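Next up, start-v3.txt (compact mmCIF, C-alpha atoms):
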```txt
# COMPACT_ATOMS: atom_id res chain seq x y z
CA MET A 1 212.41 161.28 -46.28
CA LYS A 2 215.41 161.85 -44.04
CA PRO A 3 217.62 159.07 -42.61
CA TRP A 4 216.57 160.01 -39.05
CA LEU A 5 213.08 158.68 -39.72
CA MET A 6 214.49 155.15 -39.42
CA ASP A 7 215.19 155.81 -35.73
CA ILE A 8 211.46 156.45 -35.26
CA LEU A 9 209.57 154.05 -37.56
CA ALA A 10 208.76 150.48 -36.60
CA CYS A 11 207.19 147.77 -38.73
CA PRO A 12 203.42 148.38 -38.84
CA ALA A 13 202.53 144.70 -39.33
CA ARG A 14 200.31 143.27 -36.65
CA GLU A 15 202.33 142.06 -33.65
CA CYS A 16 205.65 142.89 -35.33
CA ARG A 17 206.87 146.39 -34.39
CA SER A 18 210.44 145.48 -35.32
CA GLU A 19 213.22 147.87 -36.23
CA LEU A 20 213.53 148.27 -39.97
CA HIS A 21 216.34 148.15 -42.48
CA LEU A 22 216.82 150.83 -45.13
CA GLU A 23 218.48 150.52 -48.51
CA VAL A 24 218.70 153.85 -50.33
CA TYR A 25 218.38 153.76 -54.13
CA GLU A 26 218.21 157.46 -54.86
CA SER A 27 218.84 160.55 -52.75
CA HIS A 28 219.99 164.13 -53.07
CA THR A 29 221.56 166.71 -50.82
CA LYS A 30 219.57 169.73 -49.77
CA ARG A 31 220.51 172.83 -47.92
CA ILE A 32 218.49 175.13 -45.68
CA GLU A 33 220.50 178.11 -44.55
CA ASN A 34 223.78 176.54 -43.47
CA GLU A 35 222.50 173.08 -42.79
CA GLU A 36 223.00 170.36 -45.36
CA PHE A 37 220.87 167.27 -45.20
CA GLU A 38 220.14 164.16 -47.21
CA GLU A 39 216.70 163.79 -48.76
CA ILE A 40 215.96 160.19 -49.74
CA ASP A 41 213.80 159.89 -52.84
CA ALA A 42 213.65 156.15 -53.45
CA ALA A 43 214.54 153.34 -51.07
CA LEU A 44 213.55 149.90 -49.94
CA ILE A 45 212.58 149.35 -46.32
CA THR A 46 212.63 145.77 -45.10
CA CYS A 47 211.63 144.17 -41.84
CA PRO A 48 214.14 141.59 -40.58
CA LYS A 49 211.53 140.06 -38.28
CA CYS A 50 208.43 139.46 -40.39
CA GLY A 51 210.10 139.72 -43.81
CA ARG A 52 207.83 142.45 -45.20
CA TRP A 53 209.11 145.09 -47.58
CA TYR A 54 207.91 148.69 -47.89
CA PRO A 55 208.78 151.14 -50.66
CA VAL A 56 209.89 154.76 -50.35
CA ILE A 57 208.32 156.44 -53.39
CA ASP A 58 208.95 160.11 -54.21
CA GLY A 59 210.39 160.60 -50.75
CA ILE A 60 207.42 159.12 -48.90
CA PRO A 61 207.72 155.80 -47.06
CA CYS A 62 204.59 153.73 -47.70
CA MET A 63 204.00 151.91 -44.43
CA LEU A 64 200.51 150.63 -45.05
CA PRO A 65 199.07 147.41 -43.65
CA ASP A 66 198.81 144.52 -46.14
CA ASP A 67 195.11 144.95 -46.92
CA LEU A 68 195.66 148.51 -48.16
CA ARG A 69 198.51 147.43 -50.45
CA MET A 70 196.93 144.51 -52.24
CA SER A 71 194.69 146.34 -54.67
CA GLY A 72 193.95 149.60 -56.44
CA LYS A 73 196.25 152.51 -57.13
CA GLN A 74 198.56 151.72 -54.22
CA ASN A 75 199.20 148.22 -55.53
CA THR A 76 199.91 149.62 -59.01
CA GLU A 77 202.40 152.13 -57.60
CA GLU A 78 204.18 149.60 -55.42
CA THR A 79 204.37 147.11 -58.29
CA ALA A 80 205.85 149.84 -60.50
CA PHE A 81 208.41 150.47 -57.75
CA LEU A 82 209.46 146.79 -57.78
CA LYS A 83 209.79 146.92 -61.58
CA ARG A 84 211.79 150.13 -61.58
CA TRP A 85 214.32 148.86 -59.04
CA ARG A 86 214.25 145.13 -59.93
CA GLU A 87 218.01 145.09 -60.54
CA ARG A 88 218.65 146.24 -56.99
CA ILE A 89 215.97 144.27 -55.16
CA SER A 90 216.73 140.75 -53.96
CA SER A 91 215.20 137.91 -55.94
CA GLU A 92 213.62 136.67 -52.74
CA ILE A 93 211.44 139.78 -52.58
CA LEU A 94 210.78 139.84 -56.31
CA GLU A 95 209.74 136.21 -56.37
CA LYS A 96 207.94 135.73 -53.10
CA GLY A 97 207.88 139.04 -51.29
CA VAL A 98 205.54 139.71 -48.40
CA PRO A 99 202.81 140.81 -48.93
CA PHE A 100 203.49 140.45 -52.67
CA GLY A 101 206.28 140.29 -55.23
CA LEU A 102 206.59 140.95 -58.90
CA PRO A 103 204.33 138.67 -60.91
CA THR A 104 206.43 136.86 -63.50
CA GLU A 105 205.76 137.90 -67.04
CA ASP A 106 207.41 136.66 -70.27
CA MET L 107 203.02 182.20 -42.15
CA LEU L 108 200.73 179.19 -41.95
CA GLN L 109 198.07 181.13 -43.85
CA SER L 110 200.21 180.74 -46.96
CA ILE L 111 200.02 176.98 -47.14
CA GLU L 112 198.18 175.24 -49.91
CA ARG L 113 194.99 173.48 -48.86
CA MET L 114 193.96 170.22 -50.47
CA GLY L 115 191.76 170.50 -53.54
CA GLU L 116 189.17 167.88 -52.69
CA TYR L 117 188.13 166.17 -49.54
CA GLU L 118 186.84 162.71 -48.95
CA VAL L 119 183.57 162.42 -47.05
CA SER L 120 184.24 158.97 -45.64
CA LEU L 121 187.44 160.18 -44.02
CA GLU L 122 185.69 163.26 -42.62
CA GLN L 123 188.53 165.55 -43.43
CA TYR L 124 188.04 169.05 -42.16
CA PRO L 125 191.10 171.23 -42.60
CA THR L 126 192.24 173.02 -39.49
CA PRO L 127 192.05 176.78 -40.11
CA ALA L 128 195.53 178.31 -40.15
CA ASN L 129 194.86 180.80 -37.36
CA ILE L 130 193.57 178.03 -35.07
CA ALA L 131 196.50 175.73 -35.82
CA ALA L 132 198.85 178.62 -35.08
CA ALA L 133 197.06 179.47 -31.80
CA VAL L 134 197.06 175.83 -30.65
CA LEU L 135 200.74 175.34 -31.41
CA PHE L 136 201.80 178.65 -29.97
CA ALA L 137 200.04 177.88 -26.68
CA ALA L 138 201.54 174.38 -26.64
CA HIS L 139 204.94 175.96 -27.10
CA MET L 140 204.67 178.96 -24.76
CA GLU L 141 202.54 177.55 -21.94
CA HIS L 142 203.69 173.95 -21.84
CA ASP L 143 207.00 173.76 -23.71
CA ASP L 144 205.65 170.81 -25.70
CA ILE L 145 207.07 171.73 -29.12
CA LYS L 146 210.57 173.21 -29.17
CA ASP L 147 213.32 170.57 -29.42
CA LYS L 148 210.64 167.86 -29.19
CA LYS L 149 209.77 164.90 -31.38
CA VAL L 150 206.29 165.66 -32.65
CA CYS L 151 203.87 163.46 -34.52
CA ASP L 152 200.81 164.66 -36.47
CA LEU L 153 198.22 161.89 -36.93
CA GLY L 154 196.04 162.41 -40.00
CA CYS L 155 198.18 165.36 -41.04
CA GLY L 156 196.25 166.28 -44.20
CA ASP L 157 197.98 169.27 -45.78
CA GLY L 158 200.51 169.26 -42.95
CA ILE L 159 199.49 172.47 -41.24
CA PHE L 160 200.08 171.23 -37.65
CA ALA L 161 203.26 169.40 -38.54
CA ILE L 162 204.79 172.34 -40.41
CA GLY L 163 203.68 174.75 -37.70
CA ALA L 164 205.42 172.60 -35.10
CA ALA L 165 208.57 172.57 -37.22
CA LEU L 166 208.46 176.38 -37.52
CA LEU L 167 208.30 176.60 -33.72
CA GLY L 168 211.48 174.59 -33.39
CA ALA L 169 210.45 170.94 -33.02
CA SER L 170 213.52 168.75 -33.50
CA HIS L 171 211.71 166.17 -35.67
CA VAL L 172 208.18 166.10 -36.98
CA VAL L 173 206.43 163.12 -38.55
CA GLY L 174 203.16 163.64 -40.39
CA LEU L 175 201.09 160.52 -40.97
CA ASP L 176 198.20 160.24 -43.39
CA VAL L 177 196.46 157.43 -45.24
CA GLN L 178 196.11 159.49 -48.41
CA SER L 179 199.17 159.94 -50.57
CA LYS L 180 197.77 163.02 -52.26
CA ALA L 181 197.54 164.72 -48.85
CA LEU L 182 201.20 163.94 -48.22
CA LYS L 183 202.22 165.38 -51.58
CA VAL L 184 200.58 168.66 -50.58
CA SER L 185 202.34 168.48 -47.19
CA GLN L 186 205.70 167.94 -48.89
CA LYS L 187 205.14 170.97 -51.10
CA ASN L 188 204.04 173.13 -48.19
CA SER L 189 207.02 172.05 -46.16
CA ALA L 190 209.35 172.97 -49.01
CA SER L 191 207.85 176.42 -49.45
CA LEU L 192 208.09 177.15 -45.71
CA ARG L 193 211.61 175.70 -45.57
CA THR L 194 210.93 173.14 -42.88
CA GLU L 195 212.03 170.15 -44.95
CA ASN L 196 215.02 169.31 -42.78
CA THR L 197 212.85 168.59 -39.75
CA THR L 198 209.65 167.20 -41.31
CA ASP L 199 208.95 163.77 -42.73
CA TRP L 200 205.75 162.35 -44.21
CA VAL L 201 204.61 158.77 -43.85
CA LEU L 202 201.85 157.01 -45.75
CA GLY L 203 200.13 154.85 -43.21
CA ASP L 204 197.01 154.02 -41.34
CA VAL L 205 196.60 155.34 -37.81
CA THR L 206 195.59 152.01 -36.30
CA SER L 207 198.61 150.08 -37.57
CA PHE L 208 201.23 152.88 -37.36
CA LYS L 209 204.07 151.98 -34.98
CA VAL L 210 207.19 153.65 -33.64
CA LEU L 211 210.32 152.27 -31.99
CA GLY L 212 210.18 154.53 -28.97
CA PRO L 213 207.83 157.17 -27.62
CA VAL L 214 207.59 160.59 -29.22
CA ASP L 215 207.15 163.69 -27.05
CA THR L 216 204.02 165.27 -28.44
CA VAL L 217 201.16 164.28 -30.73
CA VAL L 218 199.02 166.89 -32.44
CA THR L 219 195.94 165.72 -34.26
CA ASN L 220 192.72 166.93 -35.80
CA PRO L 221 191.06 163.54 -36.13
CA PRO L 222 187.92 162.81 -38.09
CA PHE L 223 185.04 163.99 -35.93
CA GLY L 224 183.49 160.54 -35.81
CA VAL L 225 180.02 161.71 -36.73
CA LYS L 226 179.73 159.79 -39.99
CA LYS L 227 181.91 156.94 -38.86
CA ARG L 228 181.43 156.50 -35.13
CA GLY L 229 184.54 155.96 -33.13
CA ALA L 230 186.91 157.13 -35.86
CA ASP L 231 188.25 159.80 -33.51
CA LEU L 232 188.77 157.21 -30.77
CA SER L 233 191.23 155.19 -32.84
CA PHE L 234 193.26 158.38 -33.27
CA LEU L 235 193.12 159.07 -29.52
CA ARG L 236 194.08 155.51 -28.66
CA LYS L 237 197.11 155.72 -30.93
CA ALA L 238 198.06 159.22 -29.77
CA ILE L 239 198.02 158.28 -26.09
CA SER L 240 200.07 155.16 -26.79
CA LEU L 241 202.66 157.15 -28.77
CA ALA L 242 203.30 160.25 -26.70
CA LYS L 243 203.39 161.73 -23.23
CA VAL L 244 201.32 164.69 -24.38
CA THR L 245 198.53 164.85 -26.96
CA TYR L 246 196.70 167.82 -28.44
CA SER L 247 193.52 166.67 -30.10
CA MET L 248 190.52 168.46 -31.60
CA HIS L 249 186.97 167.18 -31.19
CA LEU L 250 183.44 168.41 -31.72
CA ALA L 251 182.40 170.57 -28.78
CA GLY L 252 179.30 169.85 -26.72
CA GLU L 253 178.60 168.58 -23.24
CA LYS L 254 177.61 165.10 -24.31
CA ASN L 255 180.71 164.56 -26.41
CA ARG L 256 182.89 165.97 -23.65
CA ALA L 257 181.49 163.57 -21.05
CA PHE L 258 181.89 160.70 -23.51
CA LEU L 259 185.49 161.63 -24.30
CA ASP L 260 186.30 162.20 -20.61
CA SER L 261 185.53 158.60 -19.78
CA LYS L 262 187.04 157.18 -22.98
CA ILE L 263 190.29 159.07 -22.53
CA GLU L 264 190.57 157.79 -18.98
CA ASP L 265 190.00 154.23 -20.23
CA LEU L 266 192.79 154.77 -22.75
CA GLY L 267 195.20 155.77 -19.98
CA GLY L 268 195.08 159.51 -20.54
CA LYS L 269 194.24 162.47 -18.35
CA ILE L 270 192.74 165.66 -19.74
CA THR L 271 194.65 168.63 -18.40
CA GLN L 272 193.00 171.38 -20.42
CA VAL L 273 190.11 172.01 -22.79
CA GLU L 274 189.79 175.09 -24.93
CA THR L 275 186.93 175.80 -27.33
CA PHE L 276 187.42 177.27 -30.79
CA GLU L 277 184.94 178.26 -33.46
CA PHE L 278 185.74 176.28 -36.56
CA PRO L 279 184.41 177.77 -39.77
CA ILE L 280 183.42 174.75 -41.84
CA PRO L 281 183.28 175.79 -45.46
CA ARG L 282 180.94 173.95 -47.78
CA LEU L 283 183.43 171.26 -48.73
CA TYR L 284 180.91 168.51 -49.24
CA LYS L 285 177.67 168.48 -51.16
CA PHE L 286 175.63 167.33 -48.17
CA HIS L 287 176.48 170.57 -46.39
CA ARG L 288 173.54 172.86 -46.97
CA LYS L 289 174.91 176.17 -45.78
CA GLN L 290 177.74 177.91 -47.59
CA LYS L 291 179.75 178.14 -44.42
CA HIS L 292 178.89 177.57 -40.81
CA LEU L 293 180.61 177.76 -37.48
CA VAL L 294 181.12 174.67 -35.40
CA GLY L 295 182.44 174.61 -31.84
CA VAL L 296 185.56 172.54 -31.59
CA ASP L 297 187.26 171.58 -28.34
CA LEU L 298 190.99 171.29 -28.15
CA TYR L 299 192.01 168.73 -25.53
CA ARG L 300 195.42 168.59 -23.95
CA ILE L 301 195.91 165.04 -22.70
CA CYS L 302 198.77 163.65 -20.64
CA ARG L 303 199.46 159.96 -20.43
CA GLN L 304 198.89 158.64 -16.93
CA GLU L 305 202.11 157.17 -15.66
CA GLU L 306 201.65 153.69 -14.26
```
Structure re-expressed in structure tokens:
Amino acid sequence: MKPWLMDILACPARECRSELHLEVYESHTKRIENEEFEEIDAALITCPKCGRWYPVIDGIPCMLPDDLRMSGKQNTEETAFLKRWRERISSEILEKGVPFGLPTED
Amino acid sequence: MLQSIERMGEYEVSLEQYPTPANIAAAVLFAAHMEHDDIKDKKVCDLGCGDGIFAIGAALLGASHVVGLDVQSKALKVSQKNSASLRTENTTDWVLGDVTSFKVLGPVDTVVTNPPFGVKKRGADLSFLRKAISLAKVTYSMHLAGEKNRAFLDSKIEDLGGKITQVETFEFPIPRLYKFHRKQKHLVGVDLYRICRQEE
């Protein structure tokens, strides 16, 4: 994903539609002809209004409503994202993120 | 150029995915560009983008930014690959999301969409239309042809605050993607609607 997408996307949660905040974890520079641009591979998108978080996985922001994130393959992928970046993600999200956090193990 | 894109391997019946043939996507976009100036330097959104053919086509015609939305991540992976091979990556982005809940901060200029036909799941195409009209000043949307469906969509689109400015019919070759299709390949009439949002 490119940084300009943040000027377009709003929070998809019901009755939220807030601007979103982006924290880039991994990106690389690409070039097409003479134009250089940043391609974001992994990032955390957060909503300052409703407190939800959304992952950017393999360059694709996952902006699904809660019910499509709570089970199945999507839930597995988003949980793996939280694990992979746990050092960078705030404990608030890890512990009691909306719609879910990282279940405590040990 | 669009003929070269990779189509998705499998399709899901419940989502009624029918890939837009490359020549039709190209014709639709070219007309949108040449006749109405709805593509070049515009913010374009493709709802239910599938393999990304409309989105990438719009980028090739000079759209400033293109966002392809789909609820299936495997579709978006194919879109990403196609966008890379046609070198449109700087102007295209792919978002995993559901059409009903998808939201933007401000209006986009143009929506292009080949929604599910709404035969198996009634009204599926209406949720795409509702979203499209709320997002953009101009929408290009494909629907099953036929007088009954046209009359139905006429009144629905008006209810949603849109005005149909043009309808063009295409023959869509539907290959035998799903087992319940009996013929190897058959032609289906598909209407392309150009819809403008009614200003209040």
| message | Here is a test: counting only C-alpha atoms, which residue of A:Ala80, A:Leu20, A:Ile89, A:Met63 is nearest to Thr46 in chain A? | response |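 Checking each candidate against Thr46 in chain A, we get A:Leu20 as the closest.
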| task | Return the single residue from L:Ala128, L:Val214, L:Val205, L:Ala230 that is closest to Asp144 in chain L, with distances computed using all atoms listed in the file. | result |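 Of L:Ala128, L:Val214, L:Val205, L:Ala230, the one nearest Asp144 in chain L is L:Val214, counting all atoms listed in the file.
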| task | Take CA of Asp58 in chain A and CA of Ile45 in chain A and report the distance between them in Å, one decimal. | result |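 Computing the Euclidean distance for CA of Asp58 in chain A and CA of Ile45 in chain A yields 13.8 Å.
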| So how far away is CA of Phe234 in chain L from CA of Glu141 in chain L, in Å? |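 Between CA of Glu141 in chain L and CA of Phe234 in chain L the gap works out to 24.1 Å.
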| field | For Leu22 in chain A: contacts at 10 Å, all atoms listed in the file, fewer than 2 positions along chain excluded, given as a VMD selection string | value | chain A and resid 3 6 20 24 to 25 43 to 47 53 to 56
| request: Kindly provide, as a list of chain:residue names, the residues of chain L having any atom no farther than 7 Å from an atom of chain A, counting all atoms listed in the file. | output: L:Arg193, L:Asn196, L:Asp199, L:Trp200, L:Val201, L:Leu202, L:Gly203, L:Asp204, L:Ser207, L:Phe208, L:Lys209, L:Val210, L:Leu211, L:Gly212
Residue selection dump (C-alpha atoms) as a tab-separated table (two decimals), in the frame of the given file:
```
chain	number	residue	atom	x	y	z
L	193	ARG	CA	211.61	175.70	-45.57
L	196	ASN	CA	215.02	169.31	-42.78
L	199	ASP	CA	208.95	163.77	-42.73
L	200	TRP	CA	205.75	162.35	-44.21
L	201	VAL	CA	204.61	158.77	-43.85
L	202	LEU	CA	201.85	157.01	-45.75
L	203	GLY	CA	200.13	154.85	-43.21
L	204	ASP	CA	197.01	154.02	-41.34
L	207	SER	CA	198.61	150.08	-37.57
L	208	PHE	CA	201.23	152.88	-37.36
L	209	LYS	CA	204.07	151.98	-34.98
L	210	VAL	CA	207.19	153.65	-33.64
L	211	LEU	CA	210.32	152.27	-31.99
L	212	GLY	CA	210.18	154.53	-28.97
```
| task | Could you give me, as a list in words, the residues that sit within 7 Å of (192.9, 160.4, -37.8) in the file's coordinates, counting all atoms listed in the file? | result | Leu153, Gly154, Val205, Asn220, Pro221, Pro222, Asp231 and Phe234 of chain L
| Neighbour list for Met70 in chain A as a list of chain:residue names, cut-off 10 Å, only C-alpha atoms, skip fewer than 6 positions in-chain |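 Non-adjacent residues within range: A:Thr76, A:Glu78, A:Thr79, A:Pro99, A:Phe100.
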Expected file: the selected residues, C-alpha atoms, as a JSON list (two decimals), in the frame of the given file:
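Final output, saved to part.json:
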```
[["chain", "number", "residue", "atom", "x", "y", "z"],
["A", 76, "THR", "CA", 199.91, 149.62, -59.01],
["A", 78, "GLU", "CA", 204.18, 149.60, -55.42],
["A", 79, "THR", "CA", 204.37, 147.11, -58.29],
["A", 99, "PRO", "CA", 202.81, 140.81, -48.93],
["A", 100, "PHE", "CA", 203.49, 140.45, -52.67]]
```
| task | Point out the residue among L:Val273, L:Val294, L:Ile301, L:Leu182 with the least atom-to-atom distance to Leu235 in chain L, counting only C-alpha atoms. | result |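 Residue with the minimum atom-to-atom distance to Leu235 in chain L: L:Ile301.
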| query | Using all atoms listed in the file, which residue out of L:Ala169, L:Leu232, L:Val244, L:Ile280 lies closest to Leu259 in chain L? | reply |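 When distances to Leu259 in chain L are compared using all atoms listed in the file, the smallest one comes from L:Leu232.
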| request: Give me the residues within 6 Å of Thr245 in chain L as a list in words, counting all atoms listed in the file and dropping any in the same chain fewer than 4 places off. | output: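 Answer for this query is Thr216, Val217, Val218, Arg300 and Ile301 of chain L.
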| Among listed residues A:Arg84, A:Pro48, A:Ser91, A:Asn34, nearest His21 in chain A (using only C-alpha atoms) | A:Pro48
| Interatomic distance, CA of Ile111 in chain L to CA of Asp152 in chain L (Å, one decimal) | 16.3 Å
| Which residues come within 8 Å of Lys146 in chain L, counting all atoms listed in the file, excluding same-chain residues fewer than 6 positions away, as a list in words? |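 Returned residues: His139, Ala164, Leu167, Gly168, Ala169 and Ser170 of chain L.
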Ala251 in chain L: which residues within 12 Å, counting all atoms listed in the file, same-chain residues fewer than 3 positions away excluded, as a compact mmCIF listing (two decimals) with C-alpha atoms, keeping the file's coordinate frame?
```txt
# COMPACT_ATOMS: atom_id res chain seq x y z
CA PHE L 223 185.04 163.99 -35.93
CA SER L 247 193.52 166.67 -30.10
CA MET L 248 190.52 168.46 -31.60
CA LYS L 254 177.61 165.10 -24.31
CA ASN L 255 180.71 164.56 -26.41
CA ARG L 256 182.89 165.97 -23.65
CA ALA L 257 181.49 163.57 -21.05
CA PHE L 258 181.89 160.70 -23.51
CA LEU L 259 185.49 161.63 -24.30
CA VAL L 273 190.11 172.01 -22.79
CA GLU L 274 189.79 175.09 -24.93
CA THR L 275 186.93 175.80 -27.33
CA PHE L 276 187.42 177.27 -30.79
CA GLU L 277 184.94 178.26 -33.46
CA PHE L 278 185.74 176.28 -36.56
CA LEU L 293 180.61 177.76 -37.48
CA VAL L 294 181.12 174.67 -35.40
CA GLY L 295 182.44 174.61 -31.84
CA VAL L 296 185.56 172.54 -31.59
CA ASP L 297 187.26 171.58 -28.34
CA LEU L 298 190.99 171.29 -28.15
CA TYR L 299 192.01 168.73 -25.53
```
| request: Determine the nearest neighbour of Val98 in chain A from the options A:Phe81, A:Ile57, A:Gly51, A:Gly72, counting all atoms listed in the file. | output: A:Gly51
Mind filling out range 14-28 of chain A with N, CA and C atoms and sending it as a PDB file, keeping the file's coordinate frame?
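Okay, this is what ended up in rebuild05.pdb:
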```pdb
ATOM      1  N   ARG A  14     200.905 143.695 -37.907  1.00  0.00           N
ATOM      2  CA  ARG A  14     200.310 143.270 -36.650  1.00  0.00           C
ATOM      3  C   ARG A  14     201.288 142.421 -35.828  1.00  0.00           C
ATOM      4  N   GLU A  15     201.437 142.772 -34.574  1.00  0.00           N
ATOM      5  CA  GLU A  15     202.330 142.060 -33.650  1.00  0.00           C
ATOM      6  C   GLU A  15     203.779 141.966 -34.125  1.00  0.00           C
ATOM      7  N   CYS A  16     204.245 142.939 -34.929  1.00  0.00           N
ATOM      8  CA  CYS A  16     205.650 142.890 -35.330  1.00  0.00           C
ATOM      9  C   CYS A  16     206.436 143.976 -34.604  1.00  0.00           C
ATOM     10  N   ARG A  17     206.248 145.236 -35.024  1.00  0.00           N
ATOM     11  CA  ARG A  17     206.870 146.390 -34.390  1.00  0.00           C
ATOM     12  C   ARG A  17     208.408 146.312 -34.332  1.00  0.00           C
ATOM     13  N   SER A  18     208.987 145.623 -35.308  1.00  0.00           N
ATOM     14  CA  SER A  18     210.440 145.480 -35.320  1.00  0.00           C
ATOM     15  C   SER A  18     211.107 146.746 -35.854  1.00  0.00           C
ATOM     16  N   GLU A  19     212.394 146.876 -35.551  1.00  0.00           N
ATOM     17  CA  GLU A  19     213.220 147.870 -36.230  1.00  0.00           C
ATOM     18  C   GLU A  19     213.241 147.526 -37.705  1.00  0.00           C
ATOM     19  N   LEU A  20     213.566 148.503 -38.535  1.00  0.00           N
ATOM     20  CA  LEU A  20     213.530 148.270 -39.970  1.00  0.00           C
ATOM     21  C   LEU A  20     214.888 148.532 -40.587  1.00  0.00           C
ATOM     22  N   HIS A  21     215.083 147.955 -41.761  1.00  0.00           N
ATOM     23  CA  HIS A  21     216.340 148.150 -42.480  1.00  0.00           C
ATOM     24  C   HIS A  21     216.083 149.002 -43.722  1.00  0.00           C
ATOM     25  N   LEU A  22     217.003 149.909 -44.004  1.00  0.00           N
ATOM     26  CA  LEU A  22     216.820 150.830 -45.130  1.00  0.00           C
ATOM     27  C   LEU A  22     217.911 150.650 -46.169  1.00  0.00           C
ATOM     28  N   GLU A  23     217.512 150.525 -47.428  1.00  0.00           N
ATOM     29  CA  GLU A  23     218.480 150.520 -48.510  1.00  0.00           C
ATOM     30  C   GLU A  23     218.117 151.645 -49.473  1.00  0.00           C
ATOM     31  N   VAL A  24     219.006 152.650 -49.536  1.00  0.00           N
ATOM     32  CA  VAL A  24     218.700 153.850 -50.330  1.00  0.00           C
ATOM     33  C   VAL A  24     219.057 153.605 -51.791  1.00  0.00           C
ATOM     34  N   TYR A  25     218.131 153.897 -52.700  1.00  0.00           N
ATOM     35  CA  TYR A  25     218.380 153.760 -54.130  1.00  0.00           C
ATOM     36  C   TYR A  25     218.661 155.109 -54.789  1.00  0.00           C
ATOM     37  N   GLU A  26     218.053 156.152 -54.239  1.00  0.00           N
ATOM     38  CA  GLU A  26     218.210 157.460 -54.860  1.00  0.00           C
ATOM     39  C   GLU A  26     218.037 158.528 -53.779  1.00  0.00           C
ATOM     40  N   SER A  27     218.989 159.461 -53.721  1.00  0.00           N
ATOM     41  CA  SER A  27     218.840 160.550 -52.750  1.00  0.00           C
ATOM     42  C   SER A  27     219.552 161.782 -53.277  1.00  0.00           C
ATOM     43  N   HIS A  28     219.259 162.924 -52.691  1.00  0.00           N
ATOM     44  CA  HIS A  28     219.990 164.130 -53.070  1.00  0.00           C
ATOM     45  C   HIS A  28     220.239 164.985 -51.830  1.00  0.00           C
TER      46      HIS A  28
END
```
